[in-house]
Amino acid sequence: MTQTIALLVDAYRELNAKKLFWITLILSGFIVAAFACVGLDAQGRKILWWSFPIPMFNTGTISLDLFYKFVFVNFGAALWLAWAAMILAVVSTASIIPDFVSGGAVELSLSKPIGRLRLFLTKYVTGLLFVMLQVGVVSLASFMVIGLRGGAWEPRLFLAIPIVVGVFSYLYCISALVGLLTRSTVAALLLTLLFWIFLFILNSADAATLAIKTDMAGRLTAQEKRLVRQQAEVERREHWAADQLNEKARSEAKEKGEPEPSPSAWTPEQLDSADPTLPNVRGERGRLEKQIEESTDNIKQLKRWNDGFVIAKTIFPKTTETTGLLERVLVSDSDLEKLAKAFGGEERRGRRDPDRPDSDLEMERAMRDRSVGWIVGTSLGFEALVLLATCWIFCRRDF
Amino acid sequence: MSAIAKTTVPTRPWAVDLADVAKTYKGRIHALRGVSMKVAMGEIFGLLGPNGAGKSTLVKILMTVISPSRAKGSVLGHPVGHKPTLARVGYLPEHHRFPDYLTGGQVLEFYAGLCGVGRAERKKRRGELLELVGMARWGDTRVKSYSKGMRQRIGIAQALMNDPDLVVLDEPTDGVDPVGRRDIRNILLEVKRRGKAVFLNSHLLSELEMVCDRVAILVQGAVASQGTIGELTEGRERYEIELEGERAPFDVLREIAPELVSAGKLAGGEAIEHTPTMLRVATGDAARVQGLVDLFRGRGVVIRALRPVRPSLEDLFMQAVTDPTTGHVLDPGAAENSKNGGAGGRGGAAARGGAA
């Protein structure tokens with residue numbers, strides 16, 4: 001216990017000595033202050049005492065607490081904590097392991113009566129502590145802001161701590177491995193950032209193919225709706241043309257003094273002669289059928305691509321999706337629809353194509369359909385493997 | 001020269017008792033080749049050797065920083081590599097680097113904490129040891145502002161924080177001024193007086209000579225010689241004779257006793273060596289040189305000086321690292337694998353010394 005306390009006190013001192021730690025904390029303070037300054041009223045958005053009227057975005061469309069949760073999730077957590085502060089954390093902590101294993105320093109620690117595994121894991125936790133403290137402070141401050149300004153005391157906000165620390169740990173395990181292998185802070189930092197960029201590219205490819213697929217699926221839905229309508233139109237017109245032809249046949253029989261003919265089946269050509277617009281209407285139906293066929297093929301192809309990216313992502317940590325879990329927790333499906341409405345989703349849809357569903361909302365739903373087990377389980381699995389390899393190297397290496 | 005000719009075996013228990021310690025890197029670099037040595041409680045043991053001889057590797061094996069390819073023996077009664085034993089060992093590595101964000105006092109407390117020393121004891125020993133190493137005024141200053149000597153002093157204090165039974169110091173006086181060296185010597189002697197063992201690894205032969213009870217010389221991964229300085233110099237004492245006048249003493253001797261010059265030794269068999277300014281007779285017995293003195297005096301040659309000389313540790317060291325067949329100093333570094341194995345053609349002293 002004495003040894004663990006000594007290591008934790010040392011971890012605190014190490015963080016305390018890092019200027020970037022305090023800079024990040026101060027910046028976090030500014031972010032939370034800015035968070036507290038914005039609000040929502042019956043007219044629209046409010047910044048300090050000034051109100052900016054926005055017709056669809058006011059307390060009439062979304063509640064104040066949902067607004068704050070949305071801002072916290074999308075700006076506080078996803079943008080600041082999971083991106084900007086994360087970069088600062090990666091930069092700040094990149095030197096922890098290289099410094100720890102540098103010549104002259106590691107001998108001092110290894111020569112003490114403490115196991116190498118415990119020593120390394122405690123040092124690893126030091127890096128995580130950096131982010132833990134940052135997110136803890138931001139979460140606590142945001143909890144107060146949402147409580148005092150939004151009137152909702154939302155304890156689930158503190159889930160930001162394990163979620164953001166988890167995301168950081170996906171990157172930090174790489175930093176630790178490279179730092180141990182190379183003993184170089186620069187190498188640890190660069191390779192971690194490269195790995196992050198790789199994850200970003202992989203995630204973007206997945207998101208892009210999923211977005212296009214979702215958009216295509218929306219378009220297909222609209223095309224299918226139009227086809228049903230077009231089919232009905234063709235049938236209506238054919239029926240009308242057949243009625244005309246029957247009427248004409250009855251008139252001719254009457255003129256000739258023949259018995260009234262029973263309604264018979266007319267060939268398309270005969271129907272077309274009765275209604276010259278029928279070929280165009282049928283042509284439109286054919287065009288729609290062709291479009292549907294093409295869309296189906298495109299969706300199949302996109303699904304193949306997207307499935308490939310999803311499989312690739314299964315192996316690697318999912319930083320964006322893990323951060324997105326906070327939104328899942330704090331913003332329910334019904335809240336999501338409210339937000340979509342507030343952000344003019346229906347208006348956009350109406351302007352573009354009333355038959356198409358809101359593809360942004362559908363995309364969000366598709367992302368939410370991905371299981372927490374897949375997102376967190378496989379990401380932590382990756383981290384565990386990297387950490388296992390790092391610990392194994394550390395425990396066996398001659399320094 | 002045998003590795004340990006007539007070693008005085010201390011009656012105290014062994015702090016370090018190593019047998020056949022070997023370390024091979026990447027299957028070809030033999031950093032250590034079957035090293036055996038013993039360090040008794042209450043003694044200061046010096047380990048010396050040229051660069052790359054394997055001194056630091058041996059120390060790191062003792063401290064579990066490096067795992068040996070093979071090793072038998074014990075440290076404070078427990079097998080080499082037994083982690084809990086390290087709670088009773090103090091260690092100062094060569095080129096140590098303390099975290100820059102800590103003050104001198106925090107360094108002491110942190111590493112003592114890693115040794116499992118309780119908070120109250122840490123506080124107490126921190127003050128005592130800062131005082132002992134002359135750093136009491138600097139205990140609250142960050143180590144990044146320390147000079148090399150100050151860091152070394154804090155390092156020594158750090159190694160003593162857990163009140164160890166065995167203190168292992170790798171180049172403890174590196175970068176320390178003469179006053180600091182004297183202080184460190186006094187600290188080591190105090191540690192010894194309290195019955196603890198000190199394992200000292202240093203290049204500074206004069207430092208070792210002043211404090212060490214026993215030494216071992218490591219060359220190319222093997223013990224070339226080991227024992228007390230008295231044991232190692234036994235049979236190597238000599239008398240130096242300087243004569244008055246312009247002529248070289250050897251020329252004078254050739255003129256008055258050509259038979260001695262041609263034999264190269266006295267009648268008793270003691271070898272005669274010479275330099276341009278003096279004669280050397282390989283004996284530590286004053287009676288054996290009296291005949292030669294009489295010979296000079298009988299011919300009216302004035303003897304300016306006659307003095308007994310004991311070889312220094314440096315002499316022993318130089319002898320250990322010199323290839324007897326070529327007379328050249330051996331290459332520094334560890335022995336590399338060759339077709340015939342072992343020292344790969346360099347193995348003069350190492351081969352001679354072998355495992356103790």
# chains A, B, ... in the order shown; residues from 1 in each chain; ligands from 1
>>> closest_atom_pairs(of="chain B", to="chain A", cutoff="10 Å", atoms="only C-alpha atoms", output="JSON lines")
{"residue": "B:Tyr25", "atom": "CA", "partner": "A:Asp398", "partner_atom": "CA", "distance": 9.6}
{"residue": "B:Thr57", "atom": "CA", "partner": "A:Phe399", "partner_atom": "CA", "distance": 9.6}
{"residue": "B:Lys60", "atom": "CA", "partner": "A:Glu107", "partner_atom": "CA", "distance": 7.8}
{"residue": "B:Ile61", "atom": "CA", "partner": "A:Asp398", "partner_atom": "CA", "distance": 9.3}
{"residue": "B:Leu62", "atom": "CA", "partner": "A:Ser111", "partner_atom": "CA", "distance": 8.8}
{"residue": "B:Met63", "atom": "CA", "partner": "A:Ser111", "partner_atom": "CA", "distance": 5.0}
{"residue": "B:Thr64", "atom": "CA", "partner": "A:Ser111", "partner_atom": "CA", "distance": 6.1}
{"residue": "B:Val65", "atom": "CA", "partner": "A:Leu110", "partner_atom": "CA", "distance": 5.8}
{"residue": "B:Ile66", "atom": "CA", "partner": "A:Asp398", "partner_atom": "CA", "distance": 4.5}
{"residue": "B:Ser67", "atom": "CA", "partner": "A:Asp398", "partner_atom": "CA", "distance": 6.5}
{"residue": "B:Pro68", "atom": "CA", "partner": "A:Asp398", "partner_atom": "CA", "distance": 9.3}
{"residue": "B:Gly81", "atom": "CA", "partner": "A:Ser111", "partner_atom": "CA", "distance": 9.9}
{"residue": "B:His82", "atom": "CA", "partner": "A:Pro113", "partner_atom": "CA", "distance": 8.6}
{"residue": "B:Lys83", "atom": "CA", "partner": "A:Pro113", "partner_atom": "CA", "distance": 4.9}
{"residue": "B:Pro84", "atom": "CA", "partner": "A:Pro113", "partner_atom": "CA", "distance": 5.0}
{"residue": "B:Thr85", "atom": "CA", "partner": "A:Pro113", "partner_atom": "CA", "distance": 7.0}
{"residue": "B:Leu86", "atom": "CA", "partner": "A:Pro113", "partner_atom": "CA", "distance": 5.0}
{"residue": "B:Ala87", "atom": "CA", "partner": "A:Pro113", "partner_atom": "CA", "distance": 5.4}
{"residue": "B:Arg88", "atom": "CA", "partner": "A:Pro113", "partner_atom": "CA", "distance": 8.9}
{"residue": "B:Val89", "atom": "CA", "partner": "A:Lys112", "partner_atom": "CA", "distance": 8.3}
{"residue": "B:Gly90", "atom": "CA", "partner": "A:Ser111", "partner_atom": "CA", "distance": 8.5}
{"residue": "B:Tyr91", "atom": "CA", "partner": "A:Ser111", "partner_atom": "CA", "distance": 7.2}
{"residue": "B:Leu92", "atom": "CA", "partner": "A:Leu108", "partner_atom": "CA", "distance": 7.3}
{"residue": "B:Pro93", "atom": "CA", "partner": "A:Gly104", "partner_atom": "CA", "distance": 6.5}
{"residue": "B:Glu94", "atom": "CA", "partner": "A:Gly104", "partner_atom": "CA", "distance": 6.8}
{"residue": "B:His95", "atom": "CA", "partner": "A:Gly104", "partner_atom": "CA", "distance": 5.4}
{"residue": "B:His96", "atom": "CA", "partner": "A:Gly104", "partner_atom": "CA", "distance": 3.8}
{"residue": "B:Arg97", "atom": "CA", "partner": "A:Gly104", "partner_atom": "CA", "distance": 4.8}
{"residue": "B:Phe98", "atom": "CA", "partner": "A:Ala105", "partner_atom": "CA", "distance": 6.1}
{"residue": "B:Pro99", "atom": "CA", "partner": "A:Ala105", "partner_atom": "CA", "distance": 7.6}
{"residue": "B:Asp100", "atom": "CA", "partner": "A:Glu14", "partner_atom": "CA", "distance": 9.0}
{"residue": "B:Tyr101", "atom": "CA", "partner": "A:Ala17", "partner_atom": "CA", "distance": 5.9}
{"residue": "B:Leu102", "atom": "CA", "partner": "A:Arg13", "partner_atom": "CA", "distance": 7.4}
{"residue": "B:Gln106", "atom": "CA", "partner": "A:Asp10", "partner_atom": "CA", "distance": 8.9}
{"residue": "B:Val107", "atom": "CA", "partner": "A:Asp10", "partner_atom": "CA", "distance": 9.5}
{"residue": "B:Glu109", "atom": "CA", "partner": "A:Ala6", "partner_atom": "CA", "distance": 8.1}
{"residue": "B:Phe110", "atom": "CA", "partner": "A:Ala6", "partner_atom": "CA", "distance": 5.8}
{"residue": "B:Tyr111", "atom": "CA", "partner": "A:Ser109", "partner_atom": "CA", "distance": 7.5}
{"residue": "B:Ala112", "atom": "CA", "partner": "A:Ala6", "partner_atom": "CA", "distance": 8.6}
{"residue": "B:Gly113", "atom": "CA", "partner": "A:Ala6", "partner_atom": "CA", "distance": 5.2}
{"residue": "B:Leu114", "atom": "CA", "partner": "A:Gln3", "partner_atom": "CA", "distance": 4.6}
{"residue": "B:Cys115", "atom": "CA", "partner": "A:Lys112", "partner_atom": "CA", "distance": 5.6}
{"residue": "B:Gly116", "atom": "CA", "partner": "A:Thr2", "partner_atom": "CA", "distance": 5.5}
{"residue": "B:Val117", "atom": "CA", "partner": "A:Thr2", "partner_atom": "CA", "distance": 7.3}
{"residue": "B:Gly118", "atom": "CA", "partner": "A:Thr2", "partner_atom": "CA", "distance": 6.7}
{"residue": "B:Arg119", "atom": "CA", "partner": "A:Thr2", "partner_atom": "CA", "distance": 8.0}
{"residue": "B:Gly155", "atom": "CA", "partner": "A:Leu108", "partner_atom": "CA", "distance": 9.8}
{"residue": "B:Gln158", "atom": "CA", "partner": "A:Leu108", "partner_atom": "CA", "distance": 9.6}
{"residue": "B:Ala159", "atom": "CA", "partner": "A:Leu108", "partner_atom": "CA", "distance": 9.4}
>>> select_by_dssp(residues="segment 135-368 of chain A", states="alpha helix (DSSP H)", output="PyMOL selection string")
chain A and resi 135-145+160-182+185-256+268-274+278-315+319-330+333-342+345-352+359-368
>>> atom_distance(atom1="atom CA of Gly127 of chain A", atom2="atom CA of Gly76 of chain A")
21.2 Å
>>> residues_around(residues="segment 173-187 of chain B", least_positions_apart="6", cutoff="10 Å", atoms="only C-alpha atoms", output="PyMOL selection string")
chain B and resi 94-95+132-134+147-153+156-157+193+202-204+207-208+210-212
>>> write_last_selection(atoms="C-alpha atoms", output="mmCIF file, in the first residue's frame")
data_model
loop_
_atom_site.group_PDB
_atom_site.id
_atom_site.type_symbol
_atom_site.label_atom_id
_atom_site.label_comp_id
_atom_site.auth_asym_id
_atom_site.auth_seq_id
_atom_site.Cartn_x
_atom_site.Cartn_y
_atom_site.Cartn_z
ATOM 1 C CA GLU B 94 25.517 5.197 -12.806
ATOM 2 C CA HIS B 95 24.205 8.258 -14.681
ATOM 3 C CA LEU B 132 24.434 13.618 6.293
ATOM 4 C CA VAL B 133 25.101 14.325 2.625
ATOM 5 C CA GLY B 134 25.275 18.071 3.176
ATOM 6 C CA SER B 147 24.711 20.407 -10.043
ATOM 7 C CA LYS B 148 26.125 16.980 -10.863
ATOM 8 C CA GLY B 149 27.737 16.737 -7.449
ATOM 9 C CA MET B 150 24.507 17.680 -5.689
ATOM 10 C CA ARG B 151 22.597 15.061 -7.604
ATOM 11 C CA GLN B 152 25.216 12.533 -6.626
ATOM 12 C CA ARG B 153 24.853 13.454 -2.964
ATOM 13 C CA ILE B 156 23.722 8.521 -2.064
ATOM 14 C CA ALA B 157 21.079 9.664 0.413
ATOM 15 C CA ARG B 193 31.131 0.506 10.697
ATOM 16 C CA SER B 202 34.088 2.677 -9.752
ATOM 17 C CA HIS B 203 36.716 3.730 -12.241
ATOM 18 C CA LEU B 204 38.476 5.812 -9.646
ATOM 19 C CA GLU B 207 39.067 6.086 -4.321
ATOM 20 C CA LEU B 208 38.595 2.356 -4.146
ATOM 21 C CA MET B 210 41.234 4.181 0.127
ATOM 22 C CA VAL B 211 38.060 2.508 1.303
ATOM 23 C CA CYS B 212 37.807 -1.024 -0.051
#
>>> atom_distance(atom1="atom CA of Phe45 of chain B", atom2="atom CA of Leu330 of chain B")
24.2 Å
>>> select_by_dssp(residues="segment 178-265 of chain B", states="strand (DSSP E or B)", output="JSON, numbers by chain")
{"B": [197, 198, 199, 200, 201, 214, 215, 216, 217, 218, 219, 222, 223, 224, 225, 226, 227, 228, 238, 239, 240, 241, 242, 243, 265]}
>>> closest_residue(among="A:Leu388, A:Leu177, A:Ala42, A:Ile146", to="Val101 of chain A", atoms="only C-alpha atoms")
A:Leu177
>>> closest_residue(among="B:Lys55, B:Lys265, B:Lys38, B:Arg33", to="Leu169 of chain B", atoms="only C-alpha atoms")
B:Lys55
>>> residues_around(residues="Gln230 of chain A", least_positions_apart="2", cutoff="9 Å", atoms="only C-alpha atoms", output="JSON, numbers by chain")
{"A": [225, 226, 227, 228, 232, 233, 234, 235, 281, 282, 284, 285, 288]}
>>> residues_around(residues="segment 48-53 of chain B", least_positions_apart="2", cutoff="10 Å", atoms="only C-alpha atoms", output="VMD selection string")
chain B and resid 30 to 32 45 to 46 55 to 58 200 to 205 208 215 to 224 313 317 to 318 320 to 321 330 to 335 350
>>> closest_residue(among="B:Pro311, B:Gly127, B:Pro13, B:Gly73", to="Ser36 of chain B", atoms="only C-alpha atoms")
B:Gly73
>>> atom_distance(atom1="atom CA of Ala84 of chain A", atom2="atom CA of Ser28 of chain A")
10.0 Å
